[in-house]
>>> print(open('work.txt').read())   # compact mmCIF, C-alpha atoms
# COMPACT_ATOMS: atom_id res chain seq x y z
CA MET A 3 0.00 0.00 0.00
CA ILE A 4 1.32 3.42 -0.89
CA ALA A 5 -0.57 6.47 0.22
CA SER A 6 0.14 10.02 -0.74
CA GLY A 7 -1.18 13.30 0.60
CA LYS A 8 -2.34 14.23 -2.91
CA LYS A 9 -4.01 10.90 -3.75
CA ALA A 10 -5.59 10.02 -0.42
CA PRO A 11 -5.04 11.13 3.15
CA ILE A 12 -2.85 8.85 5.23
CA ASP A 13 -4.54 7.20 8.20
CA ILE A 14 -1.68 6.62 10.61
CA GLU A 15 -3.74 3.98 12.42
CA ASP A 16 -3.37 1.83 9.30
CA PHE A 17 0.32 1.77 10.23
CA GLY A 18 -0.41 0.79 13.84
CA ILE A 19 0.31 4.28 15.18
CA HIS A 20 -2.19 4.81 18.00
CA GLU A 21 -2.35 7.13 20.99
CA GLY A 22 0.85 7.17 23.02
CA ILE A 23 4.45 6.83 21.89
CA SER A 24 5.46 4.36 19.19
CA GLU A 25 9.15 3.50 18.97
CA VAL A 26 10.29 3.85 15.37
CA ILE A 27 13.53 4.44 13.50
CA PHE A 28 13.66 7.87 11.89
CA THR A 29 15.57 8.24 8.66
CA THR A 30 16.79 11.57 7.35
CA ILE A 31 19.23 12.68 4.67
CA SER A 32 22.08 15.15 4.86
CA PRO A 33 22.60 17.97 2.33
CA ASP A 34 25.31 15.81 0.71
CA ASP A 35 22.87 12.87 0.41
CA VAL A 36 24.18 10.70 3.27
CA PRO A 37 21.35 8.71 4.88
CA ASN A 38 21.02 8.64 8.66
CA SER A 39 18.88 6.55 10.99
CA ALA A 40 18.07 6.98 14.68
CA PRO A 41 15.47 5.51 17.06
CA MET A 42 12.76 8.01 18.04
CA GLY A 43 9.58 8.01 20.04
CA LEU A 44 6.76 9.03 17.68
CA HIS A 45 4.20 10.83 19.86
CA ASN A 46 0.51 10.70 18.95
CA ARG A 47 -1.38 12.97 21.34
CA ASP A 48 -4.88 14.24 20.54
CA GLY A 49 -4.26 13.89 16.81
CA ARG A 50 -0.95 15.73 17.01
CA LEU A 51 2.14 13.91 15.72
CA PHE A 52 5.60 14.94 16.89
CA VAL A 53 9.03 13.80 18.03
CA ARG A 54 11.43 15.28 20.55
CA ILE A 55 15.05 15.37 19.45
CA TYR A 56 18.41 16.28 20.96
CA ASN A 57 21.35 17.87 19.19
CA SER A 58 22.19 15.19 16.65
CA LYS A 59 22.64 14.35 12.99
CA THR A 60 18.88 13.87 12.81
CA GLN A 61 18.31 17.40 14.08
CA GLU A 62 20.88 18.89 11.67
CA ASN A 63 19.38 17.02 8.72
CA ILE A 64 15.80 18.09 9.52
CA ILE A 65 16.85 21.73 9.90
CA LYS A 66 18.48 21.64 6.46
CA LYS A 67 15.88 19.44 4.76
CA PRO A 68 12.59 19.34 6.72
CA ILE A 69 11.53 15.82 5.82
CA ALA A 70 11.86 12.52 7.70
CA ALA A 71 10.55 8.96 7.55
CA ALA A 72 9.30 6.92 10.49
CA ASN A 73 10.33 3.34 9.78
CA ILE A 74 8.32 0.74 11.68
CA VAL A 75 10.78 -1.98 12.64
CA ASP A 76 10.65 -5.07 14.85
CA ASP A 77 14.36 -5.96 14.73
CA PRO A 78 16.05 -5.19 18.09
CA VAL A 79 19.53 -5.34 16.55
CA LEU A 80 18.59 -2.63 14.05
CA PHE A 81 17.32 -0.44 16.92
CA VAL A 82 20.64 -0.78 18.77
CA GLN A 83 22.70 -0.22 15.63
CA SER A 84 20.67 2.89 14.73
CA ALA A 85 21.05 4.23 18.26
CA LEU A 86 24.79 3.77 18.65
CA SER A 87 26.43 3.48 15.22
CA ASP A 88 25.82 3.99 11.51
CA VAL A 89 23.60 1.64 9.55
CA GLU A 90 25.25 0.31 6.40
CA PRO A 91 24.25 2.19 3.19
CA GLU A 92 23.01 -1.04 1.56
CA ARG A 93 20.26 -1.35 4.23
CA PHE A 94 18.52 1.72 2.78
CA GLU A 95 16.33 2.01 -0.28
CA TYR A 96 15.19 5.28 -1.82
CA VAL A 97 11.67 6.49 -2.46
CA GLU A 98 11.55 9.63 -4.56
CA GLY A 99 15.18 10.25 -3.55
CA PHE A 100 14.55 9.80 0.19
CA PRO A 101 16.05 6.95 2.30
CA VAL A 102 13.89 4.40 4.08
CA LEU A 103 14.98 1.11 5.62
CA LYS A 104 14.66 -1.97 3.42
CA ASP A 105 13.75 -4.11 6.43
CA ALA A 106 10.96 -1.83 7.65
CA LEU A 107 7.50 -3.36 8.16
CA GLY A 108 6.29 -0.05 6.77
CA TRP A 109 7.22 3.61 6.70
CA ILE A 110 5.57 7.01 6.80
CA LEU A 111 7.17 10.05 5.20
CA PHE A 112 6.59 13.35 6.99
CA ASP A 113 6.96 17.04 6.32
CA CYS A 114 8.66 18.45 9.41
CA LYS A 115 8.18 21.72 11.26
CA TYR A 116 11.10 22.29 13.60
CA LYS A 117 10.70 24.16 16.90
CA LYS A 118 14.00 24.77 18.67
CA GLY A 119 14.16 24.24 22.41
CA LYS A 120 16.93 24.80 24.93
CA ASN A 121 17.97 21.15 25.35
CA ILE A 122 15.30 19.25 23.46
CA SER A 123 13.63 20.44 20.27
CA VAL A 124 10.21 19.43 19.00
CA VAL A 125 9.47 18.45 15.41
CA GLU A 126 5.82 18.60 14.39
CA LEU A 127 4.99 15.99 11.73
CA SER A 128 2.56 15.98 8.81
CA PRO A 129 2.29 12.66 6.91
CA ILE A 130 2.72 12.95 3.14
CA ASN A 131 3.43 9.42 1.93
CA GLY A 132 3.61 5.89 3.26
CA LYS A 133 3.94 2.22 2.50
CA ILE A 134 2.99 -0.91 4.39
CA ASN A 135 5.19 -3.91 3.61
CA THR A 136 3.45 -6.56 5.70
CA GLN A 137 -0.08 -7.47 6.75
CA ASN A 138 0.63 -7.44 10.48
CA ILE A 139 2.25 -4.08 11.03
CA LYS A 140 2.63 -3.04 14.65
CA PRO A 141 5.17 -0.57 15.98
CA VAL A 142 6.88 -1.14 19.30
CA ASN A 143 5.11 0.65 22.16
CA ARG A 144 7.05 0.86 25.40
CA GLY A 145 3.79 1.25 27.30
CA PHE A 146 2.50 -2.11 26.03
CA ASN A 147 5.79 -3.81 26.85
CA ALA A 148 5.76 -2.20 30.31
CA VAL A 149 2.30 -3.68 30.98
CA ILE A 150 3.73 -7.13 30.22
CA GLU A 151 6.67 -6.58 32.58
CA ALA A 152 4.38 -5.19 35.30
CA SER A 153 2.10 -8.22 34.94
CA ILE A 154 5.03 -10.57 35.51
CA HIS A 155 6.00 -8.72 38.70
CA ALA A 156 2.35 -8.63 39.78
CA THR A 157 2.11 -12.43 39.63
CA ARG A 158 5.20 -12.63 41.85
CA TYR A 159 3.80 -10.03 44.24
CA VAL A 160 0.57 -12.02 44.62
CA VAL A 161 2.59 -15.09 45.64
CA PHE A 162 5.39 -13.54 47.73
CA ARG A 163 3.95 -10.15 48.87
CA GLU A 164 7.42 -8.59 48.72
CA GLN A 165 7.90 -4.83 48.43
CA LYS A 166 10.47 -5.16 45.65
CA TYR A 167 7.77 -6.38 43.26
CA LEU A 168 5.61 -3.35 44.01
CA GLU A 169 8.60 -1.12 43.24
CA HIS A 170 9.05 -2.86 39.88
CA ILE A 171 5.33 -2.49 39.13
CA GLU A 172 5.43 1.23 39.93
CA TYR A 173 8.49 1.70 37.71
CA TYR A 174 6.71 0.07 34.76
CA ASN A 175 3.54 2.02 35.55
CA SER A 176 5.55 5.24 35.14
CA ILE A 177 6.48 4.09 31.62
CA VAL A 178 2.84 3.30 30.85
CA LYS A 179 1.82 6.79 31.99
CA LYS A 180 4.40 8.34 29.68
CA CYS A 181 4.27 6.06 26.62
CA GLY A 182 1.04 4.10 26.73
CA GLY A 183 -2.32 4.82 25.20
CA ALA A 184 -5.76 4.49 26.78
CA ARG A 185 -5.76 0.69 26.58
CA GLU A 186 -2.38 0.32 28.32
CA LYS A 187 -3.49 2.71 31.07
CA GLU A 188 -6.72 0.76 31.49
CA ALA A 189 -4.64 -2.43 31.78
CA MET A 190 -2.57 -0.94 34.59
CA ASP A 191 -5.71 0.21 36.43
CA LEU A 192 -6.98 -3.37 36.22
CA LEU A 193 -3.63 -4.76 37.38
CA TYR A 194 -3.66 -2.61 40.52
CA GLU A 195 -7.27 -3.55 41.18
CA LEU A 196 -6.59 -7.28 40.79
CA ILE A 197 -3.64 -7.26 43.18
CA GLY A 198 -5.73 -5.35 45.71
CA LEU A 199 -3.95 -1.98 45.60
CA LYS A 200 -4.93 1.57 44.77
CA LYS A 201 -2.81 3.53 42.32
>>> encode(input="work.txt", output="structure tokens")
Amino acid sequence: MIASGKKAPIDIEDFGIHEGISEVIFTTISPDDVPNSAPMGLHNRDGRLFVRIYNSKTQENIIKKPIAAANIVDDPVLFVQSALSDVEPERFEYVEGFPVLKDALGWILFDCKYKKGKNISVVELSPINGKINTQNIKPVNRGFNAVIEASIHATRYVVFREQKYLEHIEYYNSIVKKCGGAREKEAMDLLYELIGLKK
């Protein structure tokens, strides 16, 4: 599926982007056509799409060419490589001259509006193009994963009633509050209820 802003509006939910923060790999391109990739949290709050970025190659590239792609990826090695080193050039393909990751489950191309901050800048995103490469596309959501981790600690708390498990649950609940959507937050409310505690 390829969608374009001119042909048909892009429904980001088709790409699995729901309320909360989806972990994606952003690709950008430098003025001298060098592709770059970096993990980012794609925020979807009240219909507003944005990322927060630090001083980085991604920031420099967006300032000079205000376009970026959110690549939906389920490969943990690619996340680590994108975070801490350069991804090999052969792992990119080009769509209308812009780099996306060949191994992406799908990607969304955005026009970017950069708002400089003191330490962290915000980039407002408007989808202009996209492609889904698989039927079961689902971005990583730290809130969802945190619910799973909290559930594991909750089962241990029910058996052992040890404070350390409550501390783990609260830690993961803080991630759900930050990154999760309505369903993840509902799950944590239920978890606290079922272990007999108030949030």
>>> residues_around(input="work.txt", residues="Gly198 of chain A", least_positions_apart="2", cutoff="12 Å", atoms="only C-alpha atoms", output="MDAnalysis selection string")
chainID A and resid 156 159:160 163 168 191:196 200:201
>>> atom_distance(input="work.txt", atom1="atom CA of Ile197 of chain A", atom2="atom CA of Ala184 of chain A")
20.3 Å
>>> closest_residue(input="work.txt", among="A:Gln165, A:Gln137, A:Thr29, A:Ser153", to="Asp88 of chain A", atoms="all atoms listed in the file")
A:Thr29
>>> closest_residue(input="work.txt", among="A:Asn46, A:Ser39, A:Asn131, A:Thr60", to="Gly18 of chain A", atoms="all atoms listed in the file")
A:Asn46
>>> closest_residue(input="work.txt", among="A:Asp113, A:Asp16, A:Glu25, A:Asp34", to="Leu127 of chain A", atoms="only C-alpha atoms")
A:Asp113
>>> atom_distance(input="work.txt", atom1="atom CA of Ile55 of chain A", atom2="atom CA of Ile139 of chain A")
24.8 Å
>>> residues_around(input="work.txt", residues="Phe112 of chain A", least_positions_apart="3", cutoff="9 Å", atoms="only C-alpha atoms", output="PDB file with C-alpha atoms, keeping the file's coordinate frame")
ATOM      1  CA  PRO A  68      12.590  19.340   6.720  1.00  0.00           C
ATOM      2  CA  ILE A  69      11.530  15.820   5.820  1.00  0.00           C
ATOM      3  CA  ALA A  70      11.860  12.520   7.700  1.00  0.00           C
ATOM      4  CA  ALA A  71      10.550   8.960   7.550  1.00  0.00           C
ATOM      5  CA  ALA A  72       9.300   6.920  10.490  1.00  0.00           C
ATOM      6  CA  LEU A 127       4.990  15.990  11.730  1.00  0.00           C
ATOM      7  CA  SER A 128       2.560  15.980   8.810  1.00  0.00           C
ATOM      8  CA  PRO A 129       2.290  12.660   6.910  1.00  0.00           C
ATOM      9  CA  ILE A 130       2.720  12.950   3.140  1.00  0.00           C
ATOM     10  CA  ASN A 131       3.430   9.420   1.930  1.00  0.00           C
ATOM     11  CA  GLY A 132       3.610   5.890   3.260  1.00  0.00           C
TER      12      GLY A 132
END
>>> closest_residue(input="work.txt", among="A:Asn143, A:Asn73, A:Asn121, A:Asn135", to="Trp109 of chain A", atoms="only C-alpha atoms")
A:Asn73
>>> residues_around(input="work.txt", residues="Pro101 of chain A", least_positions_apart="2", cutoff="8 Å", atoms="only C-alpha atoms", output="list of chain:residue names")
A:Thr29, A:Thr30, A:Ile31, A:Pro37, A:Ala71, A:Phe94, A:Glu95, A:Tyr96, A:Val97, A:Gly99, A:Leu103
>>> atom_distance(input="work.txt", atom1="atom CA of Glu21 of chain A", atom2="atom CA of Glu188 of chain A")
13.0 Å
>>> residues_near_point(input="work.txt", point="(7.8, 1.7, 11.0)", cutoff="7 Å", atoms="only C-alpha atoms", output="mmCIF file with C-alpha atoms, in the coordinates of the input")
data_model
loop_
_atom_site.group_PDB
_atom_site.id
_atom_site.type_symbol
_atom_site.label_atom_id
_atom_site.label_comp_id
_atom_site.auth_asym_id
_atom_site.auth_seq_id
_atom_site.Cartn_x
_atom_site.Cartn_y
_atom_site.Cartn_z
ATOM 1 C CA VAL A 26 10.290 3.850 15.370
ATOM 2 C CA ILE A 27 13.530 4.440 13.500
ATOM 3 C CA ALA A 72 9.300 6.920 10.490
ATOM 4 C CA ASN A 73 10.330 3.340 9.780
ATOM 5 C CA ILE A 74 8.320 0.740 11.680
ATOM 6 C CA VAL A 75 10.780 -1.980 12.640
ATOM 7 C CA ALA A 106 10.960 -1.830 7.650
ATOM 8 C CA LEU A 107 7.500 -3.360 8.160
ATOM 9 C CA GLY A 108 6.290 -0.050 6.770
ATOM 10 C CA TRP A 109 7.220 3.610 6.700
ATOM 11 C CA PRO A 141 5.170 -0.570 15.980
#
>>> residues_around(input="work.txt", residues="His45 of chain A", least_positions_apart="2", cutoff="8 Å", atoms="all atoms listed in the file", output="PyMOL selection string")
chain A and resi 21-24+43+47+50-53
>>> residues_around(input="work.txt", residues="Ala85 of chain A", least_positions_apart="2", cutoff="8 Å", atoms="all atoms listed in the file", output="ChimeraX atom specification")
/A:39-41,81-83,87
>>> closest_residue(input="work.txt", among="A:Tyr173, A:Tyr56, A:Phe17, A:Tyr116", to="Val142 of chain A", atoms="only C-alpha atoms")
A:Phe17
>>> closest_residue(input="work.txt", among="A:Phe100, A:Gly145, A:Arg54, A:Glu169", to="Lys120 of chain A", atoms="only C-alpha atoms")
A:Arg54
